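Visitor: Data file target07.tsv (TSV, C-alpha atoms) is appended below.
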chain	number	residue	atom	x	y	z
B	30	MET	CA	0.00	0.00	0.00
B	31	PRO	CA	1.37	3.45	-0.90
B	32	LYS	CA	2.23	5.52	2.14
B	33	VAL	CA	1.31	9.15	2.53
B	34	LEU	CA	4.45	11.20	3.07
B	35	ASP	CA	3.03	13.31	5.88
B	36	GLU	CA	1.28	10.75	8.06
B	37	LYS	CA	0.56	13.31	10.78
B	38	ALA	CA	-1.50	15.26	8.31
B	39	LEU	CA	-3.61	12.27	7.33
B	40	ASP	CA	-6.84	14.11	8.01
B	41	LYS	CA	-5.77	16.81	5.58
B	42	GLU	CA	-4.96	14.35	2.83
B	43	PRO	CA	-6.48	15.53	-0.47
B	44	LYS	CA	-9.46	13.68	-1.88
B	45	ILE	CA	-9.19	11.44	-4.92
B	46	SER	CA	-11.81	13.51	-6.72
B	47	GLN	CA	-9.80	16.71	-6.26
B	48	LEU	CA	-6.59	15.03	-7.37
B	49	VAL	CA	-8.32	13.76	-10.50
B	50	ASP	CA	-9.33	17.33	-11.35
B	51	ASP	CA	-5.75	18.46	-10.73
B	52	CYS	CA	-4.39	15.65	-12.90
B	53	ILE	CA	-6.67	16.62	-15.79
B	54	GLU	CA	-5.62	20.26	-15.47
B	55	PHE	CA	-1.97	19.19	-15.35
B	56	GLU	CA	-2.31	17.19	-18.58
B	57	ASP	CA	-4.16	20.09	-20.18
B	58	ASN	CA	-1.28	22.43	-19.37
B	59	ARG	CA	1.14	19.91	-20.82
B	60	GLY	CA	-0.64	20.25	-24.16
B	61	LEU	CA	-2.57	16.98	-24.31
B	62	ALA	CA	-4.84	16.89	-27.37
B	63	ILE	CA	-8.42	17.99	-26.68
B	64	LYS	CA	-10.02	14.68	-27.69
B	65	THR	CA	-7.48	12.76	-25.62
B	66	LEU	CA	-8.08	15.06	-22.66
B	67	ILE	CA	-11.82	14.46	-22.88
B	68	GLU	CA	-11.25	10.70	-22.85
B	69	LEU	CA	-8.90	10.99	-19.88
B	70	GLU	CA	-11.48	12.97	-17.93
B	71	ARG	CA	-14.19	10.47	-18.81
B	72	TYR	CA	-12.28	7.44	-17.55
B	73	LEU	CA	-10.95	9.11	-14.42
B	74	LYS	CA	-14.39	10.44	-13.47
B	75	GLU	CA	-15.76	6.90	-13.79
B	76	PHE	CA	-12.94	5.73	-11.53
B	77	VAL	CA	-13.86	8.38	-8.94
B	78	LYS	CA	-17.46	7.09	-8.90
B	79	TYR	CA	-16.15	3.57	-8.39
B	80	CYS	CA	-13.99	4.67	-5.45
B	81	GLN	CA	-16.90	6.50	-3.86
B	82	SER	CA	-19.12	3.44	-4.20
B	83	LYS	CA	-16.46	1.40	-2.38
B	84	GLY	CA	-15.93	4.00	0.34
B	85	PHE	CA	-12.44	5.04	-0.85
B	86	SER	CA	-11.76	8.76	-0.84
B	87	THR	CA	-8.04	9.38	-0.31
B	88	PRO	CA	-4.84	8.32	-2.12
B	89	SER	CA	-3.84	6.17	0.83
B	90	ASP	CA	-6.81	3.95	-0.03
B	91	LEU	CA	-5.43	3.23	-3.48
B	92	THR	CA	-3.53	-0.02	-3.66
B	93	PRO	CA	-2.23	-2.00	-6.65
B	94	GLU	CA	-4.77	-4.68	-5.80
B	95	LEU	CA	-7.66	-2.21	-5.84
B	96	LEU	CA	-6.63	-0.81	-9.20
B	97	LYS	CA	-6.22	-4.30	-10.61
B	98	ASP	CA	-9.69	-5.29	-9.40
B	99	TYR	CA	-11.16	-2.18	-11.00
B	100	VAL	CA	-9.55	-2.92	-14.36
B	101	GLU	CA	-10.62	-6.56	-14.24
B	102	GLY	CA	-14.16	-5.37	-13.54
B	103	CYS	CA	-14.06	-3.36	-16.77
B	104	TRP	CA	-13.47	-6.58	-18.70
B	105	GLY	CA	-17.11	-7.42	-18.00
B	106	ARG	CA	-18.09	-4.94	-20.69
B	107	GLY	CA	-16.31	-7.12	-23.25
B	108	ASN	CA	-14.51	-4.23	-24.91
B	109	PHE	CA	-10.74	-4.57	-25.28
B	110	PRO	CA	-10.08	-0.97	-26.46
B	111	LEU	CA	-12.07	0.30	-23.47
B	112	VAL	CA	-10.01	-1.69	-20.97
B	113	LYS	CA	-6.80	-0.53	-22.61
B	114	ALA	CA	-7.95	3.10	-22.35
B	115	VAL	CA	-8.92	2.64	-18.69
B	116	VAL	CA	-5.45	1.27	-17.88
B	117	TRP	CA	-3.88	4.20	-19.71
B	118	ALA	CA	-5.93	6.71	-17.69
B	119	ILE	CA	-5.29	5.05	-14.32
B	120	ARG	CA	-1.55	4.86	-15.03
B	121	LYS	CA	-1.50	8.57	-15.82
B	122	PHE	CA	-3.27	9.33	-12.55
B	123	GLY	CA	-0.94	7.10	-10.55
B	124	ALA	CA	2.10	8.73	-12.11
B	125	TYR	CA	0.68	12.18	-11.33
B	126	ILE	CA	0.06	11.65	-7.61
B	127	TYR	CA	3.53	10.10	-7.34
B	128	LEU	CA	5.06	13.05	-9.21
B	129	ILE	CA	3.58	15.62	-6.82
B	130	GLN	CA	4.66	13.45	-3.87
B	131	ILE	CA	1.22	12.65	-2.54
B	132	VAL	CA	2.34	9.03	-2.24
B	133	GLN	CA	5.78	7.46	-1.90
B	134	GLU	CA	5.05	4.76	-4.48
B	135	ASN	CA	3.01	4.85	-7.64
B	136	PRO	CA	-0.01	2.58	-6.96
B	137	ALA	CA	-0.40	1.95	-10.70
B	138	ARG	CA	3.21	0.86	-11.22
B	139	TYR	CA	2.24	-2.80	-11.67
B	140	LEU	CA	-0.76	-2.09	-13.90
B	141	ARG	CA	-0.18	-3.36	-17.42
B	142	HIS	CA	-2.12	-3.03	-20.64
B	143	PRO	CA	-4.12	-6.21	-21.31
B	144	LYS	CA	-3.09	-8.45	-24.15
B	145	MET	CA	-5.21	-8.35	-27.26
B	146	PRO	CA	-7.41	-11.44	-27.38
B	147	LYS	CA	-7.20	-13.66	-30.44
B	148	ARG	CA	-9.56	-12.60	-33.19
B	149	ALA	CA	-12.80	-14.53	-33.14
B	150	HIS	CA	-13.41	-13.46	-36.72
B	151	LEU	CA	-11.03	-12.21	-39.36
B	152	PRO	CA	-11.79	-8.80	-40.88
B	153	GLU	CA	-14.53	-8.81	-43.52
B	154	TYR	CA	-13.81	-7.45	-46.96
B	155	LEU	CA	-15.44	-7.02	-50.36
B	156	SER	CA	-14.67	-9.15	-53.38
B	157	VAL	CA	-13.46	-7.53	-56.60
B	158	GLU	CA	-16.96	-7.83	-58.09
B	159	GLN	CA	-18.65	-6.34	-55.02
B	160	LEU	CA	-16.23	-3.43	-54.92
B	161	ARG	CA	-16.62	-2.71	-58.63
B	162	GLN	CA	-20.41	-2.77	-58.29
B	163	LEU	CA	-20.23	-0.46	-55.27
B	164	LEU	CA	-18.12	2.14	-57.07
B	165	THR	CA	-20.10	1.90	-60.32
B	166	THR	CA	-23.42	2.39	-58.52
B	167	CYS	CA	-22.06	5.24	-56.42
B	168	ALA	CA	-20.80	7.04	-59.53
B	169	VAL	CA	-24.34	7.04	-60.93
B	170	THR	CA	-26.56	7.51	-57.87
B	171	ARG	CA	-24.56	9.81	-55.59
B	172	SER	CA	-22.66	13.09	-55.81
B	173	PHE	CA	-19.15	13.18	-57.21
B	174	GLN	CA	-17.89	14.15	-53.75
B	175	ASP	CA	-19.39	10.98	-52.28
B	176	PHE	CA	-17.83	8.97	-55.10
B	177	THR	CA	-14.43	10.55	-54.37
B	178	ILE	CA	-14.70	9.76	-50.66
B	179	LEU	CA	-15.73	6.18	-51.33
B	180	SER	CA	-12.83	5.83	-53.75
B	181	LEU	CA	-10.32	7.06	-51.16
B	182	LEU	CA	-11.68	4.69	-48.54
B	183	ALA	CA	-11.56	1.70	-50.87
B	184	SER	CA	-8.44	2.29	-52.96
B	185	VAL	CA	-6.19	4.13	-50.49
B	186	GLY	CA	-7.39	2.57	-47.24
B	187	LEU	CA	-8.06	5.83	-45.43
B	188	ARG	CA	-9.94	6.05	-42.15
B	189	ASN	CA	-13.01	8.26	-42.00
B	190	ASN	CA	-11.32	10.66	-39.55
B	191	GLU	CA	-8.46	11.05	-42.03
B	192	ILE	CA	-10.99	11.99	-44.70
B	193	VAL	CA	-12.65	14.73	-42.65
B	194	THR	CA	-9.34	16.29	-41.53
B	195	LEU	CA	-7.75	16.32	-45.00
B	196	ASN	CA	-7.04	19.88	-46.18
B	197	GLN	CA	-6.30	21.09	-49.68
B	198	ASN	CA	-2.80	22.25	-48.72
B	199	LYS	CA	-1.98	18.61	-47.98
B	200	VAL	CA	-2.99	17.42	-51.45
B	201	TYR	CA	-0.12	17.26	-53.96
B	202	LEU	CA	-1.67	16.28	-57.26
B	203	SER	CA	1.53	16.79	-59.26
B	204	LYS	CA	3.31	14.37	-56.91
B	205	LYS	CA	0.30	12.03	-56.73
B	206	ARG	CA	0.11	11.96	-52.96
B	207	VAL	CA	-1.70	13.31	-49.91
B	208	ASP	CA	-0.22	13.93	-46.47
B	209	LEU	CA	-2.40	12.61	-43.67
B	210	LYS	CA	-2.49	12.94	-39.91
B	211	VAL	CA	-2.68	9.38	-38.65
B	212	LYS	CA	-2.83	7.58	-35.31
B	213	GLY	CA	0.02	8.63	-33.04
B	214	GLY	CA	-0.08	12.25	-34.25
B	215	TRP	CA	2.46	11.85	-37.06
B	216	GLU	CA	2.02	12.75	-40.72
B	217	LYS	CA	2.06	10.03	-43.34
B	218	ARG	CA	2.75	10.56	-47.03
B	219	THR	CA	0.19	8.49	-48.87
B	220	PRO	CA	0.62	7.78	-52.61
B	221	LEU	CA	-2.29	7.98	-55.03
B	222	SER	CA	-2.78	5.98	-58.19
B	223	ASP	CA	-3.24	7.69	-61.55
B	224	GLN	CA	-6.97	6.98	-61.39
B	225	MET	CA	-7.34	8.29	-57.84
B	226	THR	CA	-5.34	11.42	-58.67
B	227	LYS	CA	-7.68	12.17	-61.60
B	228	ILE	CA	-10.75	11.64	-59.43
B	229	LEU	CA	-9.46	13.92	-56.69
B	230	ALA	CA	-8.36	16.57	-59.21
B	231	THR	CA	-11.84	16.56	-60.79
B	232	HIS	CA	-13.48	16.93	-57.38
B	233	LEU	CA	-11.30	19.91	-56.44
B	234	ALA	CA	-11.81	21.53	-59.84
B	235	ASN	CA	-15.57	21.44	-59.29
B	236	ARG	CA	-15.29	23.37	-56.03
B	237	LYS	CA	-16.52	26.98	-56.03
B	238	ASP	CA	-15.66	27.89	-52.43
B	239	ASN	CA	-12.62	28.90	-50.40
B	240	SER	CA	-12.85	26.30	-47.65
B	241	PRO	CA	-9.50	24.69	-46.82
B	242	ALA	CA	-11.15	21.30	-46.28
B	243	VAL	CA	-11.13	18.88	-49.19
B	244	PHE	CA	-14.62	17.61	-48.41
B	245	ILE	CA	-17.34	19.98	-47.20
B	246	ASN	CA	-21.05	20.06	-46.44
B	247	LYS	CA	-23.66	22.47	-47.80
B	248	LYS	CA	-22.62	25.10	-45.26
B	249	GLY	CA	-19.03	25.05	-46.46
B	250	CYS	CA	-17.71	23.32	-43.33
B	251	ALA	CA	-15.70	20.12	-43.19
B	252	LEU	CA	-17.77	16.94	-43.28
B	253	SER	CA	-18.41	15.04	-40.08
B	254	GLU	CA	-17.39	11.43	-39.52
B	255	SER	CA	-21.04	10.53	-38.93
B	256	TYR	CA	-21.95	11.78	-42.42
B	257	ILE	CA	-19.29	9.55	-44.00
B	258	GLN	CA	-20.41	6.54	-42.00
B	259	ARG	CA	-24.02	7.13	-43.03
B	260	MET	CA	-23.10	7.74	-46.67
B	261	VAL	CA	-21.03	4.55	-46.88
B	262	LYS	CA	-23.88	2.50	-45.39
B	263	GLU	CA	-26.40	3.96	-47.85
B	264	ALA	CA	-24.05	3.43	-50.80
B	265	GLY	CA	-23.65	-0.20	-49.80
B	266	PHE	CA	-27.39	-0.86	-49.81
B	267	GLU	CA	-27.81	1.01	-53.11
B	268	SER	CA	-25.23	-1.29	-54.72
B	269	GLY	CA	-27.12	-4.39	-53.57
B	270	LEU	CA	-24.93	-5.51	-50.65
B	271	SER	CA	-26.83	-7.70	-48.20
B	272	PHE	CA	-25.06	-6.30	-45.13
B	273	ALA	CA	-24.51	-2.85	-43.65
B	274	LEU	CA	-21.32	-1.55	-45.25
B	275	THR	CA	-18.91	0.38	-43.00
B	276	CYS	CA	-15.71	2.35	-43.46
B	277	ARG	CA	-13.91	-0.51	-41.72
B	278	HIS	CA	-15.08	-2.93	-44.42
B	279	LEU	CA	-13.52	-0.71	-47.08
B	280	ARG	CA	-10.24	-0.33	-45.21
B	281	HIS	CA	-10.06	-4.09	-44.75
B	282	THR	CA	-10.86	-4.53	-48.43
B	283	PHE	CA	-7.95	-2.32	-49.42
B	284	ALA	CA	-5.61	-4.05	-46.96
B	285	THR	CA	-6.57	-7.56	-48.07
B	286	HIS	CA	-6.08	-6.90	-51.77
B	287	SER	CA	-2.93	-4.87	-51.15
B	288	VAL	CA	-1.29	-7.63	-49.09
B	289	ASP	CA	-2.16	-10.13	-51.77
B	290	LYS	CA	-0.62	-7.98	-54.49
B	291	HIS	CA	2.21	-6.09	-52.79
B	292	GLY	CA	2.99	-8.05	-49.61
B	293	SER	CA	2.73	-7.09	-45.95
B	294	LEU	CA	5.67	-4.66	-45.74
B	295	ILE	CA	4.38	-2.31	-48.44
B	296	THR	CA	0.84	-2.59	-47.10
B	297	LYS	CA	2.06	-1.77	-43.60
B	298	ALA	CA	3.51	1.50	-44.91
B	299	LEU	CA	0.38	2.31	-46.93
B	300	LEU	CA	-1.94	1.72	-43.97
B	301	GLY	CA	0.30	3.45	-41.42
B	302	HIS	CA	0.41	0.46	-39.07
B	303	SER	CA	3.00	0.71	-36.29
B	304	LYS	CA	3.46	-3.06	-36.10
B	305	LEU	CA	3.83	-5.59	-38.90
B	306	ALA	CA	1.78	-8.09	-36.92
B	307	THR	CA	-1.25	-5.84	-37.38
B	308	THR	CA	-0.86	-6.03	-41.14
B	309	ARG	CA	-0.12	-9.75	-41.31
B	310	VAL	CA	-3.65	-10.69	-40.24
B	311	TYR	CA	-4.72	-9.87	-43.80
B	312	LEU	CA	-2.42	-12.58	-45.15
B	313	HIS	CA	-5.03	-15.10	-44.01
B	314	LEU	CA	-7.70	-13.48	-46.17
B	315	CYS	CA	-6.08	-13.87	-49.59
B	316	PRO	CA	-7.39	-17.01	-51.34
B	317	SER	CA	-5.94	-15.93	-54.67
B	318	HIS	CA	-4.26	-13.03	-56.39
B	319	PHE	CA	-6.59	-10.15	-57.20
B	320	ARG	CA	-6.14	-7.13	-59.35
B	321	GLY	CA	-4.82	-4.16	-57.42
B	322	LEU	CA	-7.40	-1.75	-56.08
B	323	MET	CA	-5.63	1.13	-57.79
B	324	ASN	CA	-7.24	0.07	-61.09
B	325	LEU	CA	-10.70	-0.90	-59.87
B	326	HIS	CA	-12.38	2.46	-60.41
B	327	PRO	CA	-15.05	2.72	-63.12
B	328	TYR	CA	-14.10	6.37	-63.55
B	329	ARG	CA	-12.65	7.33	-66.92
B	330	LYS	CA	-10.88	10.50	-67.94
B	331	LYS	CA	-13.17	10.84	-70.94
B	332	GLY	CA	-16.83	10.14	-70.56
B	333	GLY	CA	-16.93	10.02	-66.74
B	334	ALA	CA	-18.22	6.91	-64.95
B	335	SER	CA	-18.95	3.80	-66.93
Represent the structure from my file as structure tokens, please.
Guide:
Amino acid sequence: MPKVLDEKALDKEPKISQLVDDCIEFEDNRGLAIKTLIELERYLKEFVKYCQSKGFSTPSDLTPELLKDYVEGCWGRGNFPLVKAVVWAIRKFGAYIYLIQIVQENPARYLRHPKMPKRAHLPEYLSVEQLRQLLTTCAVTRSFQDFTILSLLASVGLRNNEIVTLNQNKVYLSKKRVDLKVKGGWEKRTPLSDQMTKILATHLANRKDNSPAVFINKKGCALSESYIQRMVKEAGFESGLSFALTCRHLRHTFATHSVDKHGSLITKALLGHSKLATTRVYLHLCPSHFRGLMNLHPYRKKGGAS
């Protein structure tokens, strides 16, 4: 059990709830990203409620065993990313109260991120025929902007948040690439095929506004992730798919075909994965060699969509 440095002042020991607020403010001053800060506050506030329900109110009540029990209790929700985020938040809090010398030992020092469970199901993906039908239908039934977004998701493997944050100053048509902010906060140079470059160039040429965002709504603001998710689902049903299409399906489609054609190392770089093991899961999805996604678009330079 961590010991309070000033044992004579035990009655004046700060409350866990107050220390959580101080920890959040501390991370804010350090420049933690807004979305990350919101998540940190969310998980730590939930932890405070747990402590209050158990009758714990001061740092001296926090033991490695208590923290471990709390994390194990989160497993009941059956959500691996959630448990990983909870561990991350608790470790930050433990490090903070140790840093400001509230306790002599960090109570979260033995807390470790859980291991990723084995996949019950491999990622789903579209066949060449399904993808071609999806893009062909989208080119006819939806706006050219929607078609461009769907093309980027399927043939470049972008995430929907990368789509909405893409600005025009990060599009280099002459170099056939876009620079994207990816997980981890770093910028990834992403190559475009000849077909995708033509599609993106046509989309930008049709723009009549001054918005820096590549994809905008009717008000001239950047699209939301929810719009893209909804659009992808609708496009899937319009093309005759029997299941609800998601952005994840399209990313997995790109990854599967790319691994089959180019191998895992090149695909790892294209997807921006930090570990090769993440990319290698797609090796199990390649029953045969497919044509590369870079040439799957029905778009033609002359005559538009076919």
Visitor: Could you please determine the separation between atom CA of B:Phe244 and atom CA of B:Leu221 in Å, to one decimal place?
Guide: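 Computing the Euclidean distance for atom CA of B:Phe244 and atom CA of B:Leu221 yields 17.0 Å.
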Visitor: Report, in Å to a single decimal, how far apart atom CA of B:Ile67 and atom CA of B:Gly102 are.
Guide: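 Going from atom CA of B:Gly102 over to atom CA of B:Ile67, I get 22.0 Å.
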Visitor: Which residue gives the smallest distance to B:Glu101 among B:His142, B:Phe85, B:Leu61, B:Thr166, with only C-alpha atoms counted?
Guide: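 Closest candidate: B:His142.
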Visitor: When you look at stretch 227-236 of chain B with a cut-off of 10 Å (counting all atoms listed in the file), what residues show up, excluding the ones that are within fewer than 2 positions of it in the same chain? I need them as number ranges by chain.
Guide: B: 173-178, 180-181, 197, 200-203, 205, 221-225, 238-240, 243-245, 326, 328-330, 333
Visitor: Where does stretch 233-255 of chain B meet stretch 191-194 of chain B within 12 Å, residue by residue, with the nearest atom pair and distance in Å to one decimal for each, counting all atoms listed in the file, listed by chain and rising number, as CSV?
Guide:
residue,atom,partner,partner_atom,distance
B:Pro241,CA,B:Thr194,CA,9.9
B:Ala242,CA,B:Thr194,CA,7.1
B:Val243,CA,B:Val193,CA,7.9
B:Phe244,CA,B:Val193,CA,6.7
B:Ile245,CA,B:Val193,CA,8.4
B:Asn246,CA,B:Val193,CA,10.6
B:Cys250,CA,B:Val193,CA,10.0
B:Ala251,CA,B:Val193,CA,6.2
B:Leu252,CA,B:Val193,CA,5.6
B:Ser253,CA,B:Val193,CA,6.3
B:Glu254,CA,B:Val193,CA,6.6
B:Ser255,CA,B:Val193,CA,10.1
Visitor: What is the atom CA of B:Asp90-atom CA of B:Lys74 distance in Å, reported with one decimal?
Guide: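 Here the two named atoms are 16.7 Å from each other.
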Visitor: Would you list the residues near (-12.5, 14.6, 0.4), meaning any protein, DNA or RNA residue with an atom at most 12 Å from that point in file coordinates, counting all atoms listed in the file, as a PyMOL selection string?
Guide: chain B and resi 39-49+77+80-81+84-88
Visitor: Within 9 Å of (6.6, 7.6, -9.5), all atoms listed in the file: residues as a count of residues only?
Guide: 14
Visitor: As a ChimeraX atom specification, please: the residues near B:Leu96 (cut-off 8 Å, all atoms listed in the file, same-chain neighbours under 6 positions excluded).
Guide: /B:119,136-137,140
Visitor: Give me, as a compact mmCIF listing (two decimals) with C-alpha atoms, in the coordinates of the input, all polymer residues having an atom no more than 8 Å from B:Leu279, counting all atoms listed in the file and skipping those fewer than 2 positions away in the same chain.
Guide:
# COMPACT_ATOMS: atom_id res chain seq x y z
CA TYR B 154 -13.81 -7.45 -46.96
CA LEU B 155 -15.44 -7.02 -50.36
CA LEU B 182 -11.68 4.69 -48.54
CA ALA B 183 -11.56 1.70 -50.87
CA GLY B 186 -7.39 2.57 -47.24
CA THR B 275 -18.91 0.38 -43.00
CA CYS B 276 -15.71 2.35 -43.46
CA ARG B 277 -13.91 -0.51 -41.72
CA HIS B 281 -10.06 -4.09 -44.75
CA THR B 282 -10.86 -4.53 -48.43
CA PHE B 283 -7.95 -2.32 -49.42
Visitor: Would you pick out the contacts of B:Tyr72 at 8 Å or less, using only C-alpha atoms, so that residues sharing its chain but fewer than 4 positions from it are not included, and give the list as an MDAnalysis selection string?
Guide: chainID B and resid 68 76 114:115 118
